[in-house]
>>> print(open('entry-v6.pdb').read())   # PDB, C-alpha atoms and all ligand atoms
ATOM      1  CA  MET Z  82     132.530  92.362 105.169
ATOM      2  CA  ALA Z  83     134.143  89.014 104.604
ATOM      3  CA  HIS Z  84     131.103  87.297 103.114
ATOM      4  CA  ARG Z  85     130.449  89.935 100.475
ATOM      5  CA  TRP Z  86     130.392  88.483  96.984
ATOM      6  CA  THR Z  87     132.494  89.970  94.204
ATOM      7  CA  ASN Z  88     130.488  90.710  91.094
ATOM      8  CA  ASP Z  89     131.748  89.397  87.765
ATOM      9  CA  LEU Z  90     129.467  91.791  85.905
ATOM     10  CA  THR Z  91     130.316  95.348  86.882
ATOM     11  CA  ARG Z  92     129.889  98.291  84.556
ATOM     12  CA  ALA Z  93     133.673  98.514  84.436
ATOM     13  CA  ASN Z  94     134.255  94.974  83.246
ATOM     14  CA  VAL Z  95     131.403  94.382  80.833
ATOM     15  CA  THR Z  96     132.615  94.191  77.264
ATOM     16  CA  PRO Z  97     134.668  97.369  76.817
ATOM     17  CA  LYS Z  98     132.775  99.795  74.615
ATOM     18  CA  PRO Z  99     135.331 100.048  71.770
ATOM     19  CA  LEU Z 100     135.598  96.269  71.540
ATOM     20  CA  TYR Z 101     131.813  95.974  71.638
ATOM     21  CA  LEU Z 102     131.369  98.555  68.882
ATOM     22  CA  ASN Z 103     134.085  96.934  66.858
ATOM     23  CA  ARG Z 104     132.380  93.565  67.208
ATOM     24  CA  ARG Z 105     129.077  95.119  66.138
ATOM     25  CA  GLN Z 106     130.712  96.449  63.003
ATOM     26  CA  ILE Z 107     132.287  93.089  62.281
ATOM     27  CA  MET Z 108     128.910  91.439  62.783
ATOM     28  CA  ARG Z 109     127.165  93.948  60.552
ATOM     29  CA  GLY Z 110     129.739  93.383  57.851
ATOM     30  CA  ALA Z 111     129.420  89.641  58.218
ATOM     31  CA  ALA Z 112     125.626  89.804  58.104
ATOM     32  CA  GLY Z 113     125.812  91.852  54.930
ATOM     33  CA  LEU Z 114     127.914  89.150  53.348
ATOM     34  CA  GLY Z 115     125.627  86.401  54.590
ATOM     35  CA  LEU Z 116     128.312  85.234  57.003
ATOM     36  CA  ALA Z 117     126.512  86.036  60.271
ATOM     37  CA  SER Z 118     126.651  82.483  61.511
ATOM     38  CA  ALA Z 119     130.423  82.491  61.411
ATOM     39  CA  PHE Z 120     130.437  85.234  64.047
ATOM     40  CA  GLY Z 121     127.165  84.411  65.779
ATOM     41  CA  GLY Z 122     128.491  81.642  68.000
ATOM     42  CA  PRO Z 123     129.312  81.610  71.704
ATOM     43  CA  VAL Z 124     131.553  84.693  71.634
ATOM     44  CA  ALA Z 125     128.817  86.913  70.254
ATOM     45  CA  ALA Z 126     126.255  85.360  72.587
ATOM     46  CA  GLN Z 127     128.501  86.008  75.563
ATOM     47  CA  ALA Z 128     129.093  89.610  74.518
ATOM     48  CA  GLY Z 129     125.322  90.040  74.326
ATOM     49  CA  ALA Z 130     124.884  88.460  77.718
ATOM     50  CA  LEU Z 131     127.187  90.997  79.339
ATOM     51  CA  GLU Z 132     125.713  94.130  77.793
ATOM     52  CA  PRO Z 133     123.102  95.551  80.196
ATOM     53  CA  ASN Z 134     119.608  96.171  78.885
ATOM     54  CA  THR Z 135     118.509  99.769  78.560
ATOM     55  CA  PHE Z 136     116.465 101.462  81.284
ATOM     56  CA  GLU Z 137     113.670 101.664  78.714
ATOM     57  CA  GLU Z 138     113.694  97.893  78.103
ATOM     58  CA  ILE Z 139     113.875  97.078  81.806
ATOM     59  CA  THR Z 140     110.880  99.280  82.618
ATOM     60  CA  THR Z 141     108.518  98.537  79.725
ATOM     61  CA  TYR Z 142     108.603  94.725  79.507
ATOM     62  CA  ASN Z 143     107.539  93.449  82.917
ATOM     63  CA  ASN Z 144     105.638  90.829  84.852
ATOM     64  CA  PHE Z 145     103.621  92.252  87.757
ATOM     65  CA  TYR Z 146     100.223  90.578  87.696
ATOM     66  CA  GLU Z 147      98.762  92.960  90.281
ATOM     67  CA  PHE Z 148      98.767  95.462  87.391
ATOM     68  CA  GLY Z 149      97.641  93.072  84.636
ATOM     69  CA  THR Z 150      98.976  90.034  82.811
ATOM     70  CA  GLY Z 151     100.345  91.807  79.698
ATOM     71  CA  LYS Z 152     104.036  92.707  79.495
ATOM     72  CA  GLU Z 153     103.171  96.384  79.018
ATOM     73  CA  ASP Z 154     100.461  96.518  81.687
ATOM     74  CA  PRO Z 155     102.807  97.236  84.634
ATOM     75  CA  ALA Z 156     104.364 100.253  82.872
ATOM     76  CA  ARG Z 157     100.867 101.495  82.028
ATOM     77  CA  ASN Z 158      99.187 100.843  85.399
ATOM     78  CA  ALA Z 159     101.762 100.747  88.200
ATOM     79  CA  GLY Z 160     101.855 104.536  88.536
ATOM     80  CA  ALA Z 161      98.881 104.168  90.917
ATOM     81  CA  LEU Z 162     100.934 102.159  93.432
ATOM     82  CA  GLU Z 163     101.309 104.146  96.655
ATOM     83  CA  ILE Z 164     104.798 103.771  98.083
ATOM     84  CA  GLU Z 165     104.955 106.510 100.721
ATOM     85  CA  PRO Z 166     105.018 105.777 103.553
ATOM     86  CA  TRP Z 167     106.258 102.182 103.258
ATOM     87  CA  SER Z 168     106.914  99.729 106.033
ATOM     88  CA  ILE Z 169     107.806  96.071 106.208
ATOM     89  CA  LYS Z 170     106.416  93.776 108.879
ATOM     90  CA  VAL Z 171     109.098  91.376 110.107
ATOM     91  CA  ASP Z 172     107.731  88.471 112.125
ATOM     92  CA  GLY Z 173     108.123  84.823 113.017
ATOM     93  CA  LEU Z 174     111.394  83.370 114.289
ATOM     94  CA  VAL Z 175     113.320  86.631 114.745
ATOM     95  CA  ASP Z 176     114.862  88.334 117.774
ATOM     96  CA  SER Z 177     113.363  91.748 116.929
ATOM     97  CA  PRO Z 178     109.986  91.407 115.231
ATOM     98  CA  GLY Z 179     108.167  94.585 114.298
ATOM     99  CA  GLU Z 180     106.924  96.991 111.705
ATOM    100  CA  TYR Z 181     110.009  98.648 110.205
ATOM    101  CA  SER Z 182     110.365 101.694 107.988
ATOM    102  CA  LEU Z 183     112.794 101.269 105.093
ATOM    103  CA  ALA Z 184     115.208 103.607 106.853
ATOM    104  CA  GLU Z 185     115.142 101.448 109.973
ATOM    105  CA  LEU Z 186     115.911  98.351 107.939
ATOM    106  CA  LEU Z 187     118.494  99.823 105.553
ATOM    107  CA  ASP Z 188     120.264 102.895 106.958
ATOM    108  CA  GLY Z 189     123.893 102.126 107.696
ATOM    109  CA  LEU Z 190     123.999  99.050 105.471
ATOM    110  CA  THR Z 191     126.027  99.032 102.265
ATOM    111  CA  GLU Z 192     124.119  99.788  99.075
ATOM    112  CA  GLU Z 193     125.748  98.250  96.019
ATOM    113  CA  GLU Z 194     125.274  98.233  92.270
ATOM    114  CA  ARG Z 195     125.238  94.753  90.806
ATOM    115  CA  ILE Z 196     124.660  93.796  87.205
ATOM    116  CA  TYR Z 197     122.825  90.482  87.205
ATOM    117  CA  ARG Z 198     121.580  88.195  84.500
ATOM    118  CA  PHE Z 199     117.804  87.944  84.936
ATOM    119  CA  ARG Z 200     115.888  85.011  83.466
ATOM    120  CA  CYS Z 201     112.118  84.543  83.320
ATOM    121  CA  VAL Z 202     110.627  81.048  83.309
ATOM    122  CA  GLU Z 203     108.941  82.088  80.035
ATOM    123  CA  ALA Z 204     112.429  81.882  78.450
ATOM    124  CA  TRP Z 205     113.200  85.556  77.984
ATOM    125  CA  SER Z 206     116.093  87.250  79.721
ATOM    126  CA  MET Z 207     117.698  90.602  80.408
ATOM    127  CA  VAL Z 208     120.863  91.881  82.067
ATOM    128  CA  ILE Z 209     119.905  94.425  84.719
ATOM    129  CA  PRO Z 210     122.009  96.853  86.783
ATOM    130  CA  TRP Z 211     120.286  96.658  90.160
ATOM    131  CA  ARG Z 212     121.094  98.684  93.235
ATOM    132  CA  GLY Z 213     120.315  97.163  96.573
ATOM    133  CA  TYR Z 214     121.269  95.527  99.828
ATOM    134  CA  GLU Z 215     122.183  91.991 100.695
ATOM    135  CA  LEU Z 216     119.162  90.307 102.250
ATOM    136  CA  ALA Z 217     121.610  88.664 104.673
ATOM    137  CA  ASP Z 218     122.518  92.063 106.129
ATOM    138  CA  ILE Z 219     118.840  92.889 106.728
ATOM    139  CA  LEU Z 220     118.150  89.484 108.289
ATOM    140  CA  THR Z 221     121.211  89.828 110.513
ATOM    141  CA  ARG Z 222     119.953  93.228 111.652
ATOM    142  CA  VAL Z 223     116.608  91.785 112.859
ATOM    143  CA  GLY Z 224     118.229  88.628 114.242
ATOM    144  CA  VAL Z 225     117.347  85.208 112.842
ATOM    145  CA  LYS Z 226     116.572  82.540 115.477
ATOM    146  CA  PRO Z 227     118.344  79.210 114.963
ATOM    147  CA  GLU Z 228     115.037  77.364 114.407
ATOM    148  CA  ALA Z 229     114.260  79.442 111.301
ATOM    149  CA  ARG Z 230     114.661  77.299 108.169
ATOM    150  CA  TYR Z 231     112.867  79.412 105.538
ATOM    151  CA  VAL Z 232     112.083  83.045 104.773
ATOM    152  CA  ALA Z 233     108.604  83.947 103.490
ATOM    153  CA  PHE Z 234     107.821  87.171 101.591
ATOM    154  CA  GLU Z 235     104.564  88.940 100.813
ATOM    155  CA  THR Z 236     103.684  91.687  98.301
ATOM    156  CA  VAL Z 237     101.481  94.647  99.169
ATOM    157  CA  VAL Z 238      97.805  94.502  98.146
ATOM    158  CA  GLN Z 239      96.261  97.849  97.186
ATOM    159  CA  GLU Z 240      93.037  96.690  95.588
ATOM    160  CA  GLU Z 241      91.922 100.194  94.591
ATOM    161  CA  ASN Z 242      95.236 100.764  92.771
ATOM    162  CA  MET Z 243      95.715  97.303  91.270
ATOM    163  CA  PRO Z 244      93.470  96.264  88.364
ATOM    164  CA  GLY Z 245      94.883  92.713  88.353
ATOM    165  CA  VAL Z 246      93.925  92.306  92.004
ATOM    166  CA  ARG Z 247      90.386  93.527  91.319
ATOM    167  CA  ARG Z 248      90.091  90.990  88.494
ATOM    168  CA  ARG Z 249      91.599  88.202  90.690
ATOM    169  CA  VAL Z 250      93.906  87.080  87.843
ATOM    170  CA  ILE Z 251      95.791  84.919  90.399
ATOM    171  CA  PRO Z 252      95.373  84.690  94.192
ATOM    172  CA  PHE Z 253      96.766  87.692  96.074
ATOM    173  CA  PRO Z 254      98.800  88.641  98.000
ATOM    174  CA  TYR Z 255     101.649  87.337  95.841
ATOM    175  CA  VAL Z 256     103.894  85.277  98.122
ATOM    176  CA  GLU Z 257     107.330  83.712  97.780
ATOM    177  CA  GLY Z 258     109.902  81.902  99.863
ATOM    178  CA  LEU Z 259     113.550  80.929 100.099
ATOM    179  CA  ARG Z 260     115.412  78.383 102.164
ATOM    180  CA  ILE Z 261     117.469  80.161 104.814
ATOM    181  CA  ASP Z 262     120.821  79.356 103.162
ATOM    182  CA  GLU Z 263     119.522  80.771  99.858
ATOM    183  CA  ALA Z 264     118.281  83.870 101.669
ATOM    184  CA  MET Z 265     121.635  84.381 103.393
ATOM    185  CA  HIS Z 266     123.631  83.892 100.178
ATOM    186  CA  PRO Z 267     125.525  87.069  99.242
ATOM    187  CA  LEU Z 268     124.044  87.029  95.712
ATOM    188  CA  THR Z 269     120.525  87.504  97.112
ATOM    189  CA  LEU Z 270     119.588  91.177  97.001
ATOM    190  CA  MET Z 271     116.813  93.361  98.287
ATOM    191  CA  ALA Z 272     116.860  95.777  95.374
ATOM    192  CA  THR Z 273     115.885  99.426  95.715
ATOM    193  CA  GLY Z 274     116.916 100.829  92.348
ATOM    194  CA  ILE Z 275     117.815 100.303  88.695
ATOM    195  CA  TYR Z 276     120.725 102.194  87.111
ATOM    196  CA  ASP Z 277     120.792 105.491  89.043
ATOM    197  CA  GLU Z 278     117.030 105.640  89.619
ATOM    198  CA  PRO Z 279     114.963 104.574  92.610
ATOM    199  CA  MET Z 280     113.100 101.343  91.884
ATOM    200  CA  PRO Z 281     110.468 102.068  89.214
ATOM    201  CA  LYS Z 282     106.982 101.075  90.347
ATOM    202  CA  GLN Z 283     106.551  98.544  87.542
ATOM    203  CA  ASN Z 284     109.738  96.814  88.737
ATOM    204  CA  GLY Z 285     108.549  96.505  92.348
ATOM    205  CA  ALA Z 286     109.022  99.827  94.160
ATOM    206  CA  PRO Z 287     110.164 100.594  96.706
ATOM    207  CA  ILE Z 288     111.906  97.296  97.457
ATOM    208  CA  ARG Z 289     111.884  93.861  95.853
ATOM    209  CA  LEU Z 290     113.818  90.636  95.996
ATOM    210  CA  VAL Z 291     116.358  89.655  93.324
ATOM    211  CA  VAL Z 292     117.603  86.052  93.263
ATOM    212  CA  PRO Z 293     119.659  85.893  90.065
ATOM    213  CA  TRP Z 294     120.130  82.113  89.831
ATOM    214  CA  LYS Z 295     116.367  81.464  89.974
ATOM    215  CA  TYR Z 296     113.545  82.114  87.515
ATOM    216  CA  GLY Z 297     112.141  85.618  87.750
ATOM    217  CA  PHE Z 298     108.978  84.710  89.624
ATOM    218  CA  LYS Z 299     110.990  84.086  92.827
ATOM    219  CA  SER Z 300     112.017  87.770  92.735
ATOM    220  CA  ILE Z 301     108.905  89.068  94.490
ATOM    221  CA  LYS Z 302     108.087  92.763  94.183
ATOM    222  CA  SER Z 303     106.882  95.546  96.492
ATOM    223  CA  ILE Z 304     107.492  93.580  99.688
ATOM    224  CA  VAL Z 305     105.547  94.438 102.866
ATOM    225  CA  ARG Z 306     106.201  91.353 104.982
ATOM    226  CA  ILE Z 307     109.180  89.121 105.732
ATOM    227  CA  SER Z 308     108.565  86.114 107.970
ATOM    228  CA  LEU Z 309     111.135  83.686 109.359
ATOM    229  CA  VAL Z 310     109.496  80.270 109.527
ATOM    230  CA  GLU Z 311     110.211  76.628 110.207
ATOM    231  CA  ASP Z 312     108.325  75.000 107.318
ATOM    232  CA  GLU Z 313     108.535  75.577 103.548
ATOM    233  CA  PRO Z 314     106.247  78.567 102.932
ATOM    234  CA  PRO Z 315     103.752  78.863 100.064
ATOM    235  CA  ALA Z 316     105.103  80.330  96.819
ATOM    236  CA  SER Z 317     102.518  81.793  94.420
ATOM    237  CA  TRP Z 318     103.312  79.943  91.194
ATOM    238  CA  ASN Z 319     104.019  76.700  93.014
ATOM    239  CA  VAL Z 320     100.564  76.963  94.631
ATOM    240  CA  ILE Z 321      98.849  77.904  91.349
ATOM    241  CA  ASN Z 322     100.455  75.093  89.322
ATOM    242  CA  PRO Z 323     102.809  72.771  91.253
ATOM    243  CA  ARG Z 324     103.369  70.529  88.254
ATOM    244  CA  GLU Z 325     104.873  73.404  86.248
ATOM    245  CA  TYR Z 326     106.517  75.512  88.963
ATOM    246  CA  GLY Z 327     108.557  74.014  91.798
ATOM    247  CA  PHE Z 328     109.519  75.707  95.043
ATOM    248  CA  TYR Z 329     113.212  75.924  94.127
ATOM    249  CA  SER Z 330     112.837  77.291  90.574
ATOM    250  CA  ASN Z 331     116.562  77.267  89.901
ATOM    251  CA  VAL Z 332     117.461  78.193  86.335
ATOM    252  CA  ASN Z 333     118.386  74.827  84.825
ATOM    253  CA  PRO Z 334     118.728  74.195  81.080
ATOM    254  CA  THR Z 335     118.467  70.419  81.653
ATOM    255  CA  VAL Z 336     115.064  70.498  83.370
ATOM    256  CA  ASP Z 337     112.357  71.689  80.977
ATOM    257  CA  HIS Z 338     109.110  73.364  81.874
ATOM    258  CA  PRO Z 339     106.388  70.786  80.994
ATOM    259  CA  ARG Z 340     105.195  72.996  78.116
ATOM    260  CA  TRP Z 341     108.456  74.395  76.747
ATOM    261  CA  SER Z 342     112.234  73.999  76.746
ATOM    262  CA  GLN Z 343     114.449  75.814  79.219
ATOM    263  CA  ALA Z 344     117.627  75.153  77.230
ATOM    264  CA  THR Z 345     117.699  78.490  75.405
ATOM    265  CA  GLU Z 346     116.535  82.013  76.070
ATOM    266  CA  ARG Z 347     115.630  85.121  74.078
ATOM    267  CA  ARG Z 348     117.439  88.259  75.134
ATOM    268  CA  ILE Z 349     115.026  91.202  75.328
ATOM    269  CA  GLY Z 350     116.265  94.229  73.436
ATOM    270  CA  GLY Z 351     116.669  95.451  69.936
ATOM    271  CA  GLY Z 352     120.423  95.049  69.669
ATOM    272  CA  LEU Z 353     122.305  92.884  67.271
ATOM    273  CA  PHE Z 354     122.966  90.293  69.996
ATOM    274  CA  ALA Z 355     119.296  89.930  70.891
ATOM    275  CA  SER Z 356     119.250  86.464  69.475
ATOM    276  CA  ARG Z 357     118.449  83.197  71.204
ATOM    277  CA  GLN Z 358     121.279  82.037  73.362
ATOM    278  CA  GLU Z 359     122.023  78.995  75.448
ATOM    279  CA  THR Z 360     120.829  79.135  79.021
ATOM    280  CA  LEU Z 361     123.550  78.681  81.613
ATOM    281  CA  MET Z 362     123.226  76.373  84.625
ATOM    282  CA  PHE Z 363     122.005  78.394  87.613
ATOM    283  CA  ASN Z 364     121.781  81.307  85.145
ATOM    284  CA  GLY Z 365     125.585  81.600  85.073
ATOM    285  CA  TYR Z 366     126.062  81.541  88.853
ATOM    286  CA  GLU Z 367     126.908  77.849  89.120
ATOM    287  CA  SER Z 368     130.271  78.308  90.812
ATOM    288  CA  GLU Z 369     128.654  80.490  93.486
ATOM    289  CA  VAL Z 370     125.511  78.490  94.274
ATOM    290  CA  ALA Z 371     125.838  74.849  93.135
ATOM    291  CA  SER Z 372     127.051  73.842  96.605
ATOM    292  CA  LEU Z 373     123.659  74.818  98.066
ATOM    293  CA  TYR Z 374     122.060  71.919  96.186
ATOM    294  CA  GLU Z 375     124.843  69.320  96.326
ATOM    295  CA  ASP Z 376     122.759  66.460  97.674
ATOM    296  CA  MET Z 377     119.541  67.205  95.822
ATOM    297  CA  ASP Z 378     118.063  65.645  92.699
ATOM    298  CA  LEU Z 379     117.303  68.822  90.751
ATOM    299  CA  SER Z 380     114.775  67.112  88.479
ATOM    300  CA  GLU Z 381     112.746  66.227  91.587
ATOM    301  CA  TYR Z 382     113.358  69.513  93.407
ATOM    302  CA  PHE Z 383     112.895  71.833  90.429
TER     303      PHE Z 383
HETATM  304  N1  LIG S 401     104.284  90.772  93.384
HETATM  305  C1  LIG S 401     104.730  90.255  92.231
HETATM  306  N2  LIG S 401     106.034  89.992  92.090
HETATM  307  C2  LIG S 401     106.499  89.466  90.927
HETATM  308  C3  LIG S 401     105.603  89.140  89.868
HETATM  309  C4  LIG S 401     104.223  89.421  90.059
HETATM  310  O1  LIG S 401     103.367  89.181  89.194
HETATM  311  N3  LIG S 401     103.825  89.996  91.242
HETATM  312  N4  LIG S 401     106.102  88.569  88.699
HETATM  313  C5  LIG S 401     107.368  87.834  88.816
HETATM  314  C6  LIG S 401     107.910  87.426  87.511
HETATM  315  S1  LIG S 401     107.143  86.118  86.737
HETATM  316  C7  LIG S 401     109.030  87.994  86.966
HETATM  317  S2  LIG S 401     109.745  87.396  85.544
HETATM  318  C8  LIG S 401     109.653  89.184  87.613
HETATM  319  C9  LIG S 401     109.732  90.319  86.591
HETATM  320  O2  LIG S 401     110.499  91.371  87.120
HETATM  321  P1  LIG S 401     110.704  92.677  86.212
HETATM  322  O3  LIG S 401     109.366  93.094  85.716
HETATM  323  O4  LIG S 401     111.335  93.681  87.118
HETATM  324  O5  LIG S 401     111.607  92.284  85.095
HETATM  325  O6  LIG S 401     108.921  89.652  88.741
HETATM  326  C10 LIG S 401     108.423  88.637  89.588
HETATM  327  N5  LIG S 401     107.844  89.237  90.772
HETATM  328 MO    MO S 402     108.682  85.346  85.199
END
>>> encode(input="entry-v6.pdb", output="structure tokens", more="lines below")
Ligand SMILES: Nc1nc2c(c(=O)[nH]1)N[C@H]1C(S)=C(S)[C@@H](COP(=O)(O)O)O[C@H]1N2
Ligand SMILES: [Mo]
Amino acid sequence: MAHRWTNDLTRANVTPKPLYLNRRQIMRGAAGLGLASAFGGPVAAQAGALEPNTFEEITTYNNFYEFGTGKEDPARNAGALEIEPWSIKVDGLVDSPGEYSLAELLDGLTEEERIYRFRCVEAWSMVIPWRGYELADILTRVGVKPEARYVAFETVVQEENMPGVRRRVIPFPYVEGLRIDEAMHPLTLMATGIYDEPMPKQNGAPIRLVVPWKYGFKSIKSIVRISLVEDEPPASWNVINPREYGFYSNVNPTVDHPRWSQATERRIGGGLFASRQETLMFNGYESEVASLYEDMDLSEYF
């Protein structure tokens, strides 16, 4: 399809393994001589940024408040999530509203693997090989009416299976939203897997949003409802604390969170490159998405 975006981070073009290993050895040698800083600049940071996190890292350090607020709670508790059968209610300003099985929504569409930078508002980051479908393809399948200006998403609530829901740690269901042009952007994925595995429960099985140029909280998990609407829909963190979390939530090193800087990030993972690195505008996707926000003051619409 003509609109399909070409990934700059495929498994084939991440830092070639021999070069990466060689650089590691150089770094190790330099560190031993107390010269780490000479090699620890932008080149090393960039190499780190392109090396995907391990499956282990991606599935044991999570945010999924339905299962608790600790980073290890989702891995510990999300096993109770029931994902079969799963359906998604599509409603609002669409030609074909209804309750769809995943097969009805996805069969026949192109599933792709895309390695995306992933950045949490808490200033940690990973590089994750997602598999999934362009949200635009799904929306086109159900038919978006011209009056639709936003897409709203809702996470499943299974109170008996979700200790965070029982404790009401935040209001549930978790909800999120995108402007229609953001939703139709070819970078926006409905992800159904990580590496070669179906989506792990702690990462939002069976299907979750991934919007790589926005802070992680926009990437809502375990979606059961997609609504096409006219007005800006509620977004959980924006509702909980509008001063700290805006609706847009674009990764932006020049607009700090009121309580901490967004200029740098800590790569999760035990590797040599797991140092702090500079955060990139729109999380590195500036050339693809900056045009969506051309006329907006990003310090007002953060
Ligand atoms: N339903 C739901 N979706 C959610 C969250 C959540 O608590 N509940 N946390 C968000 C936040 S803050 C982040 S950083 C990402 C984390 O995704 P990961 O655990 O797959 O890395 O999920 C987002 N989606
Ligand atoms: Mo997050």
>>> closest_atom_pairs(input="entry-v6.pdb", of="stretch 231-324 of chain Z", to="stretch 336-351 of chain Z", cutoff="12 Å", atoms="only C-alpha atoms", output="JSON lines")
{"residue": "Z:Tyr296", "atom": "CA", "partner": "Z:Gln343", "partner_atom": "CA", "distance": 10.5}
{"residue": "Z:Asn322", "atom": "CA", "partner": "Z:Pro339", "partner_atom": "CA", "distance": 11.1}
{"residue": "Z:Pro323", "atom": "CA", "partner": "Z:Pro339", "partner_atom": "CA", "distance": 11.0}
{"residue": "Z:Arg324", "atom": "CA", "partner": "Z:Pro339", "partner_atom": "CA", "distance": 7.9}
>>> residues_around(input="entry-v6.pdb", residues="stretch 366-373 of chain Z", least_positions_apart="4", cutoff="9 Å", atoms="all atoms listed in the file", output="short mmCIF file (atom, residue, chain, number, x, y, z; two decimals) with C-alpha atoms, keeping the file's coordinate frame")
data_model
loop_
_atom_site.label_atom_id
_atom_site.label_comp_id
_atom_site.auth_asym_id
_atom_site.auth_seq_id
_atom_site.Cartn_x
_atom_site.Cartn_y
_atom_site.Cartn_z
CA TRP Z 86 130.39 88.48 96.98
CA ASP Z 262 120.82 79.36 103.16
CA GLU Z 263 119.52 80.77 99.86
CA HIS Z 266 123.63 83.89 100.18
CA LEU Z 268 124.04 87.03 95.71
CA PRO Z 293 119.66 85.89 90.06
CA TRP Z 294 120.13 82.11 89.83
CA LEU Z 361 123.55 78.68 81.61
CA MET Z 362 123.23 76.37 84.62
CA MET Z 377 119.54 67.20 95.82
#
>>> closest_residue(input="entry-v6.pdb", among="Z:Tyr231, Z:Tyr276, Z:Tyr181, Z:Phe145", to="Z:Gly213", atoms="all atoms listed in the file")
Z:Tyr276
>>> residues_near_ligand(input="entry-v6.pdb", ligand="ligand MO 402 (chain S)", cutoff="8 Å", atoms="all atoms listed in the file", output="number ranges by chain")
Z: 144, 200-203, 296-298
>>> axis_aligned_box(input="entry-v6.pdb", around="ligand LIG 401 (chain S)", padding_each_side="8 Å", output="AutoDock Vina command-line options")
--center_x 107.5 --center_y 89.9 --center_z 89.2 --size_x 24.2 --size_y 23.6 --size_z 24.3
>>> closest_residue(input="entry-v6.pdb", among="Z:Glu185, Z:Glu241, Z:Glu375, Z:Glu194", to="Z:Asn158", atoms="only C-alpha atoms")
Z:Glu241
>>> decode(input="entry-v6.pdb", residues="stretch 190-203 of chain Z", atoms="C-alpha atoms", output="compact mmCIF listing (two decimals), in the first residue's frame")
# COMPACT_ATOMS: atom_id res chain seq x y z
CA LEU Z 190 -4.50 -7.21 6.74
CA THR Z 191 -0.71 -7.09 6.67
CA GLU Z 192 1.05 -8.00 9.90
CA GLU Z 193 4.48 -6.39 10.18
CA GLU Z 194 7.44 -6.43 12.52
CA ARG Z 195 8.59 -2.98 13.51
CA ILE Z 196 11.35 -2.09 15.92
CA TYR Z 197 10.32 1.10 17.68
CA ARG Z 198 11.94 3.28 20.28
CA PHE Z 199 9.61 3.30 23.29
CA ARG Z 200 9.80 6.09 25.86
CA CYS Z 201 7.97 6.32 29.18
CA VAL Z 202 7.12 9.72 30.67
CA GLU Z 203 9.08 8.54 33.74
